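> For reference, this is run.tsv, and it has TSV, C-alpha atoms.
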chain	number	residue	atom	x	y	z
A	1	MET	CA	284.01	33.39	13.96
A	2	ALA	CA	280.41	32.15	13.83
A	3	LYS	CA	280.00	28.53	12.84
A	4	TYR	CA	276.63	28.98	11.14
A	5	GLU	CA	274.80	31.57	9.04
A	6	LYS	CA	273.82	34.57	11.15
A	7	TRP	CA	270.13	33.66	11.51
A	8	LEU	CA	271.01	30.19	12.75
A	9	GLN	CA	273.94	31.30	14.91
A	10	ASP	CA	271.61	33.75	16.68
A	11	VAL	CA	269.15	30.95	17.40
A	12	VAL	CA	271.90	28.56	18.52
A	13	ASP	CA	273.21	31.17	20.98
A	14	ALA	CA	269.70	31.59	22.36
A	15	ALA	CA	269.29	27.79	22.63
A	16	HIS	CA	272.51	27.51	24.68
A	17	GLU	CA	271.17	30.14	27.04
A	18	VAL	CA	267.96	28.15	27.46
A	19	LEU	CA	269.82	24.93	28.25
A	20	ILE	CA	272.08	26.66	30.78
A	21	ASN	CA	269.15	28.18	32.62
A	22	LEU	CA	266.97	25.06	32.66
A	23	GLY	CA	269.79	23.00	34.16
A	24	ASN	CA	270.76	19.34	34.05
A	25	ILE	CA	267.27	17.89	33.70
A	26	ASP	CA	265.62	16.54	30.58
A	27	TYR	CA	262.33	18.26	29.85
A	28	ASP	CA	259.69	17.57	27.24
A	29	GLU	CA	260.15	19.18	23.85
A	30	ALA	CA	257.31	21.62	24.57
A	31	VAL	CA	259.18	23.05	27.58
A	32	TYR	CA	262.29	23.82	25.54
A	33	GLU	CA	260.13	25.30	22.79
A	34	GLU	CA	258.35	27.61	25.24
A	35	ALA	CA	261.60	28.70	26.89
A	36	LEU	CA	263.21	29.35	23.50
A	37	CYS	CA	260.28	31.60	22.59
A	38	HIS	CA	261.03	33.78	25.61
A	39	GLU	CA	264.73	33.92	24.81
A	40	LEU	CA	264.13	34.82	21.16
A	41	ARG	CA	261.87	37.67	22.24
A	42	ILE	CA	264.47	38.94	24.72
A	43	ARG	CA	267.08	38.95	21.96
A	44	GLY	CA	264.81	40.64	19.43
A	45	ILE	CA	264.86	37.69	17.02
A	46	SER	CA	261.74	37.63	14.85
A	47	TYR	CA	259.88	34.33	14.75
A	48	GLU	CA	256.51	32.74	14.08
A	49	ARG	CA	255.39	29.72	16.03
A	50	GLN	CA	253.31	26.74	14.86
A	51	ARG	CA	252.51	27.95	11.34
A	52	ASN	CA	249.96	25.75	9.60
A	53	PHE	CA	250.68	24.70	6.03
A	54	GLU	CA	249.73	22.18	3.37
A	55	ILE	CA	251.92	19.11	3.07
A	56	MET	CA	252.82	18.59	-0.57
A	57	TYR	CA	253.75	15.39	-2.38
A	58	ARG	CA	254.68	15.60	-6.06
A	59	GLY	CA	252.72	18.80	-6.40
A	60	TYR	CA	249.58	17.52	-4.68
A	61	THR	CA	248.26	18.42	-1.23
A	62	VAL	CA	248.17	15.26	0.89
A	63	GLY	CA	247.66	16.68	4.37
A	64	SER	CA	248.39	19.54	6.73
A	65	GLY	CA	251.21	20.19	9.15
A	66	ARG	CA	252.57	22.65	11.70
A	67	VAL	CA	256.16	23.78	11.82
A	68	ASP	CA	257.64	24.61	15.23
A	69	PHE	CA	259.26	27.90	14.19
A	70	ILE	CA	259.68	30.16	11.21
A	71	ILE	CA	262.67	32.42	11.84
A	72	ASN	CA	262.50	35.87	10.22
A	73	PRO	CA	258.86	35.51	9.06
A	74	PHE	CA	257.88	37.61	6.07
A	75	TRP	CA	255.51	39.83	8.06
A	76	ALA	CA	258.23	40.86	10.54
A	77	THR	CA	261.08	41.70	8.16
A	78	LYS	CA	261.46	43.50	4.85
A	79	LYS	CA	263.46	40.58	3.45
A	80	HIS	CA	261.74	37.46	2.18
A	81	ASP	CA	264.25	35.22	3.90
A	82	GLU	CA	262.27	32.80	6.07
A	83	HIS	CA	263.83	29.74	7.69
A	84	VAL	CA	262.24	26.51	8.99
A	85	MET	CA	263.27	25.37	12.45
A	86	GLU	CA	262.18	22.17	14.16
A	87	ILE	CA	262.77	21.56	17.89
A	88	LYS	CA	263.63	18.17	19.40
A	89	ALA	CA	264.53	16.89	22.85
A	90	VAL	CA	266.64	13.85	21.94
A	91	LYS	CA	270.21	12.67	22.44
A	92	LYS	CA	270.73	12.14	18.71
A	93	ILE	CA	269.17	13.80	15.67
A	94	THR	CA	268.14	11.01	13.30
A	95	LYS	CA	267.59	10.79	9.57
A	96	SER	CA	263.85	10.80	10.17
A	97	HIS	CA	264.07	14.07	12.12
A	98	ILE	CA	265.98	15.61	9.22
A	99	ARG	CA	263.59	14.18	6.63
A	100	GLN	CA	260.64	15.66	8.49
A	101	ALA	CA	262.18	19.15	8.36
A	102	LEU	CA	263.06	18.76	4.68
A	103	VAL	CA	259.45	17.84	3.84
A	104	TYR	CA	258.38	21.01	5.63
A	105	MET	CA	260.92	23.08	3.69
A	106	ILE	CA	259.79	21.66	0.34
A	107	SER	CA	256.11	22.17	1.19
A	108	LEU	CA	256.74	25.75	2.37
A	109	ASP	CA	259.22	26.46	-0.44
A	110	MET	CA	261.90	27.63	2.01
A	111	LYS	CA	265.50	27.11	1.02
A	112	THR	CA	267.08	26.90	4.49
A	113	GLY	CA	266.22	25.39	7.83
A	114	ALA	CA	267.54	23.52	10.83
A	115	VAL	CA	266.78	20.87	13.41
A	116	ILE	CA	267.85	21.81	16.94
A	117	SER	CA	267.77	19.38	19.84
A	118	PHE	CA	268.07	20.06	23.57
A	119	HIS	CA	269.61	17.40	25.80
A	120	HIS	CA	271.24	17.93	29.18
A	121	GLU	CA	274.03	15.42	28.43
A	122	ALA	CA	274.54	15.86	24.68
A	123	GLY	CA	274.02	19.62	24.85
A	124	ILE	CA	272.64	21.55	21.91
A	125	LEU	CA	272.66	19.52	18.70
A	126	ILE	CA	272.24	21.29	15.37
A	127	GLU	CA	271.62	20.07	11.85
A	128	SER	CA	271.75	22.92	9.36
A	129	LEU	CA	269.65	22.14	6.29
A	130	ARG	CA	269.20	23.33	2.75
A	131	MET	CA	266.36	22.31	0.50
A	132	PRO	CA	267.50	19.27	-1.46
A	133	ASP	CA	267.88	19.36	-5.22
A	134	VAL	CA	264.46	17.99	-6.06
A	135	LYS	CA	263.29	17.41	-9.59
A	136	LEU	CA	260.98	20.05	-11.03
A	137	SER	CA	258.36	17.33	-11.47
A	138	GLU	CA	258.37	16.76	-7.70
A	139	LEU	CA	257.47	20.41	-7.03
A	140	LYS	CA	254.88	20.89	-9.76
A	141	VAL	CA	251.70	18.91	-10.19
A	142	SER	CA	252.68	15.67	-11.92
A	143	LYS	CA	250.52	14.20	-14.66
A	144	PRO	CA	249.26	10.60	-14.46
A	145	LYS	CA	250.68	8.01	-16.80
A	146	SER	CA	248.41	6.16	-19.17
A	147	SER	CA	246.32	3.50	-17.45
A	148	LYS	CA	247.94	0.13	-16.92
A	149	ALA	CA	247.19	-3.02	-15.04
A	150	LYS	CA	247.74	-3.08	-11.30
A	151	THR	CA	250.67	-5.26	-10.26
A	152	VAL	CA	252.12	-6.13	-6.88
A	153	ASP	CA	255.36	-4.43	-7.88
A	154	VAL	CA	253.55	-1.15	-8.58
A	155	LEU	CA	251.82	-1.28	-5.19
A	156	ARG	CA	255.02	-2.14	-3.36
A	157	LYS	CA	256.95	0.61	-5.13
A	158	ALA	CA	254.26	3.20	-4.31
A	159	VAL	CA	254.46	2.41	-0.60
A	160	HIS	CA	258.28	2.43	-0.61
A	161	GLU	CA	258.50	5.72	-2.55
A	162	VAL	CA	256.22	7.49	-0.09
A	163	TYR	CA	258.06	6.04	2.92
A	164	LYS	CA	261.38	7.17	1.43
A	165	TYR	CA	259.99	10.69	1.10
A	166	PHE	CA	258.28	11.03	4.50
A	167	GLY	CA	260.09	8.60	6.80
A	168	SER	CA	258.65	7.37	10.11
A	169	GLU	CA	259.16	10.25	12.55
A	170	PHE	CA	257.08	12.51	10.36
A	171	MET	CA	254.09	10.19	10.39
A	172	TYR	CA	254.00	9.77	14.14
A	173	ARG	CA	254.28	13.50	14.85
A	174	GLU	CA	251.62	14.80	12.49
A	175	THR	CA	248.08	15.09	13.80
A	176	THR	CA	246.82	13.43	10.64
A	177	GLY	CA	249.18	10.50	11.13
A	178	VAL	CA	248.90	7.72	8.61
A	179	GLU	CA	246.15	9.55	6.68
A	180	THR	CA	248.75	11.83	5.08
A	181	TYR	CA	250.72	8.75	4.11
A	182	LYS	CA	247.62	7.16	2.54
A	183	GLU	CA	246.91	10.29	0.52
A	184	ALA	CA	250.48	10.30	-0.82
A	185	VAL	CA	250.33	6.61	-1.74
A	186	GLY	CA	247.08	7.39	-3.55
A	187	VAL	CA	248.92	10.06	-5.54
A	188	GLU	CA	251.63	7.52	-6.48
A	189	LEU	CA	249.04	5.00	-7.63
A	190	ARG	CA	247.13	7.53	-9.74
A	191	LEU	CA	250.34	8.83	-11.29
A	192	ASN	CA	251.20	5.26	-12.25
A	193	GLY	CA	247.85	4.72	-13.92
A	194	VAL	CA	246.35	2.57	-11.15
A	195	ASN	CA	242.71	3.34	-10.39
A	196	TYR	CA	241.16	2.55	-7.03
A	197	ASN	CA	238.20	3.33	-4.82
A	198	ARG	CA	237.82	3.66	-1.07
A	199	GLY	CA	235.94	0.72	0.41
A	200	VAL	CA	233.56	1.16	3.35
A	201	TYR	CA	231.92	-2.04	4.63
A	202	PRO	CA	229.17	-1.98	7.30
A	203	VAL	CA	229.60	-4.12	10.42
A	204	LEU	CA	226.13	-5.40	11.34
A	205	TYR	CA	224.60	-6.78	14.49
A	206	LYS	CA	221.17	-8.31	13.93
A	207	TYR	CA	220.81	-6.27	10.73
A	208	GLN	CA	221.76	-3.02	12.45
A	209	GLN	CA	225.01	-1.23	11.61
A	210	VAL	CA	227.21	-0.89	14.69
A	211	ASP	CA	230.52	-0.06	13.03
A	212	GLU	CA	232.24	0.06	9.67
A	213	PHE	CA	235.40	-1.39	8.21
A	214	THR	CA	237.24	0.99	5.91
A	215	ILE	CA	240.01	0.15	3.50
A	216	PRO	CA	241.66	2.97	1.52
A	217	PHE	CA	242.49	1.19	-1.73
A	218	VAL	CA	240.09	-1.23	-3.41
A	219	PHE	CA	240.82	-2.33	-6.98
A	220	ALA	CA	238.67	-3.56	-9.84
A	221	ASP	CA	239.82	-7.18	-9.44
A	222	SER	CA	238.36	-7.29	-5.87
A	223	SER	CA	241.77	-7.04	-4.26
A	224	ALA	CA	242.68	-4.25	-1.86
A	225	MET	CA	245.55	-2.57	-0.03
A	226	ALA	CA	245.76	-1.13	3.47
A	227	LEU	CA	248.39	0.85	5.35
A	228	GLU	CA	249.10	0.69	9.06
A	229	LEU	CA	251.74	1.89	11.52
A	230	TYR	CA	253.51	-0.65	13.74
A	231	ARG	CA	255.62	-0.18	16.85
A	232	LYS	CA	256.83	-3.73	17.55
A	233	PRO	CA	257.24	-6.94	15.49
A	234	ASP	CA	254.27	-8.65	17.19
A	235	GLU	CA	251.96	-6.10	15.58
A	236	ILE	CA	252.86	-7.41	12.11
A	237	GLU	CA	251.11	-10.72	12.81
A	238	GLU	CA	248.26	-8.94	14.58
A	239	ASN	CA	247.62	-6.82	11.49
A	240	LYS	CA	247.74	-9.88	9.24
A	241	ASP	CA	245.14	-11.68	11.37
A	242	TYR	CA	242.95	-8.56	11.56
A	243	TYR	CA	242.84	-8.02	7.81
A	244	LYS	CA	242.54	-11.72	7.02
A	245	TYR	CA	239.38	-11.86	9.13
A	246	TYR	CA	237.76	-8.92	7.36
A	247	ALA	CA	238.88	-10.09	3.93
A	248	VAL	CA	236.92	-13.31	4.44
A	249	ARG	CA	233.96	-11.53	5.99
A	250	PHE	CA	233.54	-9.02	3.17
A	251	GLY	CA	234.59	-11.17	0.22
A	252	ILE	CA	237.84	-9.38	-0.54
A	253	LYS	CA	239.92	-11.80	-2.59
A	254	LYS	CA	243.32	-10.51	-1.55
A	255	ILE	CA	244.67	-7.73	0.68
A	256	TYR	CA	248.15	-6.25	0.49
A	257	LEU	CA	249.50	-4.63	3.65
A	258	GLY	CA	252.04	-1.84	3.90
A	259	LEU	CA	253.25	-1.63	7.52
A	260	ILE	CA	255.18	1.53	8.42
A	261	PRO	CA	257.66	1.26	11.33
A	262	GLU	CA	257.78	3.71	14.21
A	263	LYS	CA	261.58	3.60	14.34
A	264	GLU	CA	263.79	4.26	11.36
A	265	ASP	CA	265.99	1.22	12.06
A	266	GLU	CA	262.98	-1.07	11.60
A	267	LYS	CA	262.00	-2.23	8.13
A	268	LEU	CA	259.02	-1.19	6.08
A	269	VAL	CA	256.95	-4.34	5.64
A	270	PHE	CA	254.92	-5.10	2.52
A	271	LEU	CA	253.08	-8.41	2.41
A	272	GLU	CA	250.08	-10.23	1.01
A	273	VAL	CA	247.30	-11.49	3.28
Could you take the file, read its structure, and then write that structure out as structure tokens?


Amino acid sequence: MAKYEKWLQDVVDAAHEVLINLGNIDYDEAVYEEALCHELRIRGISYERQRNFEIMYRGYTVGSGRVDFIINPFWATKKHDEHVMEIKAVKKITKSHIRQALVYMISLDMKTGAVISFHHEAGILIESLRMPDVKLSELKVSKPKSSKAKTVDVLRKAVHEVYKYFGSEFMYRETTGVETYKEAVGVELRLNGVNYNRGVYPVLYKYQQVDEFTIPFVFADSSAMALELYRKPDEIEENKDYYKYYAVRFGIKKIYLGLIPEKEDEKLVFLEV
């Protein structure tokens, strides 16, 4: 008896064939993806590779993404029964890997999907997924609340809500990186009645502009907020020093920093500079 739904069981069988033929060596994710393409074609399994789509957050477009595979794409079958499939080459599928696929499913409005990982020791790992029960307000365009004063708690909550939705793996894999995250935080702030502008400050050398310092969220009280990714604890202090220097240079009274970790076992850091 098959362990999974037919579409997924067919893909899992093909994935096992790929791993057997490639042998006991760990390859990059792209190698497994390419080999799986060949095996899916041999088996007559319809798929679409690297489909571009808009990344949605609470009904708003905040970036663009590419999904590894769509199984049974609409143009190849009479049924409208498409499935998201993300490929990994890791020993353990993490919560961030799963969250990434779920964001894709919500953005593409596909009810089912899976994360499949190839590893010569762990074998083929599979996480079968269904679109989570999200609130209707999270799928449709949400309306902003009435304007209210900016508070640290509102800023902190906005950063945490977006991180909870996207996770860390997602941000490091997308070509847009932290920009998608910034757009989503901007949506959270607007929906909570917090207005902001993007600040661009010229860096001058003998009255000539040689660079510019950009900060995504600047508020009416001359405070600001920035978002950065960090890979190791030392980078937290480095970011603090970096933004403290520019805050003084450009007369920014206060800067709040949201620091997004590369690994899911590290903490999201929110602090005041």

> For Asn24 (chain A), work out the shell of residues within 10 Å, counting all atoms listed in the file and skipping chain neighbours fewer than 4 positions away, then give it as a VMD selection string.

chain A and resid 19 to 20 119 to 121 123

> Determine, using all atoms listed in the file, which residues of region 151-212 of chain A have any atom at most 10 Å from an atom of region 239-256 of chain A, and tabulate each with its shortest atom pair and distance in Å to one decimal place, rows ordered by chain and then rising number, as JSON lines.


{"residue": "A:Val152", "atom": "CA", "partner": "A:Tyr256", "partner_atom": "CA", "distance": 8.4}
{"residue": "A:Leu155", "atom": "CA", "partner": "A:Tyr256", "partner_atom": "CA", "distance": 8.4}
{"residue": "A:Arg156", "atom": "CA", "partner": "A:Tyr256", "partner_atom": "CA", "distance": 8.9}
{"residue": "A:Tyr201", "atom": "CA", "partner": "A:Phe250", "partner_atom": "CA", "distance": 7.3}
{"residue": "A:Pro202", "atom": "CA", "partner": "A:Phe250", "partner_atom": "CA", "distance": 9.3}
{"residue": "A:Val203", "atom": "CA", "partner": "A:Phe250", "partner_atom": "CA", "distance": 9.6}

> Just the number, please: distance in Å from CA of Glu272 (chain A) to CA of Phe166 (chain A), one decimal.

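Taking CA of Glu272 (chain A) as the start and CA of Phe166 (chain A) as the end point, the length is 23.1 Å.
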
> Do you have the CA of Cys37 (chain A)-CA of Gly167 (chain A) distance handy?

27.9 Å

> Rank A:Tyr230, A:Tyr207, A:Tyr104, A:Tyr165 by their smallest atom-to-atom distance to Val67 (chain A), using only C-alpha atoms, and report the top residue only.

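Result for the nearest residue to Val67 (chain A): A:Tyr104.
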
> Find the residue from A:Gln9, A:Asn197, A:Ser46, A:Ser107 that sits nearest to Gly63 (chain A); use all atoms listed in the file when measuring.

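Once distances to Gly63 (chain A) are computed over all atoms listed in the file, the minimum belongs to A:Ser107.
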
> Expressed in Å to a single decimal, how great is the separation between CA of Met131 (chain A) and CA of Lys3 (chain A)?

19.4 Å

> Contacts of Asp10 (chain A) at 12 Å or less, counting only C-alpha atoms, minus same-chain residues fewer than 3 places along, as a list in words?

Ala2, Lys3, Tyr4, Glu5, Lys6, Trp7, Asp13, Ala14, Ala15, His16, Glu17, Leu36, Glu39, Leu40, Arg41, Ile42, Arg43, Gly44, Ile45, Ser46, Tyr47, Ile71 and Asn72 of chain A

> Which polymer residues have any atom within 7 Å of an atom of region 82-95 of chain A, counting all atoms listed in the file, with same-chain residues fewer than 4 positions away left out, as a PyMOL selection string?

chain A and resi 28-29+33+67-74+99+101+105+110+112-119+122

> With distances taken over all atoms listed in the file, which residue among A:Ser64, A:Ser96, A:Ser128, A:Thr180 lies nearest Val11 (chain A)?

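Of A:Ser64, A:Ser96, A:Ser128, A:Thr180, the one nearest Val11 (chain A) is A:Ser128, counting all atoms listed in the file.
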
> From the list A:Val218, A:Ala224, A:Asp211, A:Glu161, which residue is nearest Leu268 (chain A) when using all atoms listed in the file?

A:Glu161

> Could you pull the residues within 9 Å of Ile215 (chain A), counting all atoms listed in the file, minus those fewer than 2 positions along the same chain, as a list of chain:residue names?

A:Arg198, A:Gly199, A:Val200, A:Tyr201, A:Phe213, A:Phe217, A:Val218, A:Ala224, A:Met225, A:Ala226, A:Leu227
